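*Asks:* I have a structure here, written as structure tokens, and I will follow up with some questions on it.
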Amino acid sequence: MLNMEPLAIKQTQEGLFAKKFSTVEIVENYLKRINKNNDRLNIFLTVTSDEARAGAKRTDNLIGRYKNIEEARKDFPLFGVVVAHKDLFLTRGVRTTAGSKLLTDYMPQYSASVVNRLEDAGAIMIGKVNCDAWAHGSSGENSDFGSTKNPWNEEYVPGGSSSGSGAAVASGLSAIATGTDTGGSIRMPASFCGVVGLKPTYGAVSRYGVIAMASSLDSVGHFTLTTDDSKMVFDITRGEDGKDSTVKSEISKQKSVNSKLRIGIPKEFLTEGVDSQVAKTVAEAVNVFKKDGVEFKQISLPHTKYGNLAYYIIQPAEVSSNLARYDGIRYGHRRSVFGDESKRRIMLGTYVLSAGYYDAYYLKAMKVRSKIIEDFNRVFDSSADGVDAIIAPVSPTPPFKAGEKIDDPIKMYLADVFTVSANLAGIPALALPFGFSTAGLPLGFQLMGHRFGENLLFELGRRFEQLTDFTPKIAID
Amino acid sequence: MGKLSSDDVKHVAQLAKLSLTGQEVKKFQKQLEKVIDYISELNEIDIKNVEPTSQMTGLTNVYRNDKVVSENCLSQENALSGTSKKHNGYFVVEALLTERGDA
């Protein structure tokens with residue numbers, strides 16, 4: 001079986017049961033694609049071919065033991081699914097670098113909860129993928145192991161920080177990929193690479209074994225080809241594991257699928273600073289939903305315009321504290337090995353937390369965060385004519401060229417202006433691909449929802465895919 | 001907001017245990033000054049009487065039983081696997097104390 005098109009999870013599993021192909025063939029196909037394209041795209045930092053091949057054989061044996069697909073799914077919901085992990089996720093016995101030379105030979109002794117859960121559900125790890133070092137970046141250019149390239153056009157960035165994860169799924173080098181989103185690090189690369197990206201509610205998925213960036217903002221999510229796949233993965237990863245005390249196994253009450261839904265359009269997110277192609281994409285998505293009877297309402301989130309300011313205080317402050325443990329004693333290399341962006345964030349964080357500045361910056365930012373949360377609570381309030389979801393751009397611009405913003409931190413930080421609010425408020429957001437820019441790069445939008453209301457976002461995403469006759473597009477043959 | 005001097009950069013770097021070269025101090029001074037200017041726009045907002053938020057999902061104290069779960073523990077061998085410098089099941093590190101001559 002040569003050059004098999006990567007498939008969504010359901011089709012993969014049906015194909016396996018119909019004996020159209022075997023798991024061994026699926027894995028070989030991905031390995032071949034990785035071999036052929038990885039030098040050029042710089043997506044994988046480690047390929048675990050032996051383990052993946054062994055996993056494939058195990059899966060094929062396993063499938064033979066089940067009479068029907070439902071029974072197999074009940075025990076192993078993700079059988080036959082190949083997963084790539086962002087190199088921020090600890091994988092027992094497999095090198096984990098966080099994209100930093102500081103951890104260039106770090107071999108974890110345990111795996112992240114999410115890694116274990118996916119494995120227990122039958123998924124097969126194929127390798128570890130590139131990211132901005134310590135997840136610091138919006139473009140994928142801050143990796144100490146070289147930038148990841150956008151598979152649609154190598155001159156462009158794939159978005160960051162989960163750059164390799166987005167690019168791996170978009171180029172058909174893995175069926176799904178894990179990622180982390182602290183200020184947009186899943187939604188940005190999902191959108192720039194043209195795949196589905198979920199940033200779950202804060203505390204919906206365990207962060208245990210995932211290298212920490214900013215602990216009050218970090219959320220663990222994933223990249224998939226379709227919304228259905230995203231839900232299938234989330235159903236496995238979500239919920240308490242007893243190892244991360246911020247996790248809550250809550251699911252908010254969902255409106256019935258057929259009830260009248262209303263989506264808010266925040267006027268602050270569609271200002272003159274937004275690229276016309278991005279604004280048009282959101283407007284077209286609104287029209288698609290409108291034709292299906294979804295109601296739209298203009299809303300105001302007045303404090304979100306300060307979101308990026310608060311984010312670039314809170315996040316570096318927490319970064320400086322989390323990265324203090326890399327002191328050269330436990331992990332080898334000295335702190336001089338940190339790259340420029342990490343040094344900037346460590347110093348900025350240390351500055352805003354230092355004597356005399358704490359009240360003016362950090363405390364103030366935490367108060368602004370309260371105002372942003374109030375804004376969201378108000379527009380979502382069902383007793384006050386609230387909305388069920390919010391639609392917004394992911395990035396203010398289409399994917400940009402490599403090198404365009406890397407020397408100007410402020411320019412780079414402004415790419416996050418529409419994504420950080422969801423992190424500050426702890427709400428879930430789903431990035432969906434929709435169309436292409438004039439330069440031929442993917443465009444998209446995001447839907448934000450109530451805390452623990454992921455299911456409604458999946459419902460809306462699925463509906464959108466049906467209405468647009470969506471089929472996943474892979475960037476390379 | 002006030003200017004960020006190169007001494008400020010050196011001071012912050014020292015607090016953060018980062019040793020910077022002279023060139024780095026120059027580069028970061030310029031870049032960080034811009035960023036601090038940017039985040040100082042936060043001063044526009046009136047946030048008197050607002051409580052700060054650090055946790056969004058309403059959790060307060062989360063407890064677990066104070067019990068050792070052996071499957072969550074590393075074996076001595078695993079715990080030492082990250083170093084090549086070990087002796088009799090211990091990490092080998094440089095001596096922290098020296099013998100005083102006046103004792």
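Residues are referred to by chain and number: the chain letter is A, B, ... according to the order shown in the structure tokens, the number counts from 1 in that chain, and ligands are numbered separately from 1 in the order shown.
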Identify all chain A residues at most 6 Å from chain B by counting only C-alpha atoms; ligands do not count. Present them as a ChimeraX atom specification.
*Replies:* /A:309,347,366-367,370,426
*Asks:* Store the residues picked out above, limited to N, CA, C and O atoms, as a compact mmCIF listing (two decimals), in the first residue's frame.
*Replies:*
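Output file result29.txt is given in full below:
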# COMPACT_ATOMS: atom_id res chain seq x y z
N LEU A 309 -1.56 42.83 27.33
CA LEU A 309 -0.69 43.49 28.31
C LEU A 309 -0.62 42.67 29.59
O LEU A 309 0.46 42.40 30.13
N MET A 347 13.93 37.49 32.47
CA MET A 347 14.29 38.80 33.02
C MET A 347 13.06 39.69 33.19
O MET A 347 12.91 40.36 34.20
N MET A 366 -3.18 40.85 37.48
CA MET A 366 -4.11 39.86 38.02
C MET A 366 -5.50 40.48 38.25
O MET A 366 -6.51 39.80 38.20
N LYS A 367 -5.51 41.78 38.50
CA LYS A 367 -6.80 42.46 38.64
C LYS A 367 -7.46 42.67 37.28
O LYS A 367 -8.67 42.51 37.14
N SER A 370 -9.22 39.69 36.34
CA SER A 370 -10.56 39.59 36.93
C SER A 370 -11.58 40.32 36.06
O SER A 370 -12.70 39.84 35.88
N GLY A 426 -9.56 31.25 31.29
CA GLY A 426 -9.64 29.81 31.53
C GLY A 426 -10.72 29.11 30.74
O GLY A 426 -11.13 28.00 31.09
*Asks:* Give me every helix (DSSP H, G or I) residue in stretch 146-359 of chain A, going by DSSP on the backbone, as a count of residues only.
*Replies:* 87
*Asks:* I need the residues in chain B that are strand (DSSP E or B) according to DSSP; give them as a PyMOL selection string.
*Replies:* chain B and resi 86-87+90-91
*Asks:* Since we have the selection now, will you write its residues out, keeping C-alpha atoms, as a compact mmCIF listing (two decimals), in the first residue's frame?
*Replies:*
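Contents of selection16.txt, freshly written:
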# COMPACT_ATOMS: atom_id res chain seq x y z
CA LYS B 86 27.21 8.06 41.05
CA HIS B 87 28.69 6.03 43.86
CA TYR B 90 24.30 8.21 45.66
CA PHE B 91 24.86 11.22 43.43
*Asks:* How many Å separate atom CA of A:Leu225 from atom CA of A:Pro6?
*Replies:* 9.1 Å
*Asks:* So that I can check the surroundings of A:Phe289, please list as an MDAnalysis selection string every protein, DNA and RNA residue that reaches within 10 Å of it, counting only C-alpha atoms and ignoring chain neighbours fewer than 2 positions away.
*Replies:* chainID A and resid 261:263 284:287 291:296 460 463:464 467:468
*Asks:* Skipping near chain neighbours, those fewer than 4 positions away, what residues fall within 8 Å of A:Asn322 using only C-alpha atoms, listed as number ranges by chain?
*Replies:* A: 212-214, 318
*Asks:* To one decimal in Å, tell me the separation between atom CA of A:Glu240 and atom CA of A:Tyr202.
*Replies:*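 The value is 12.5 Å.
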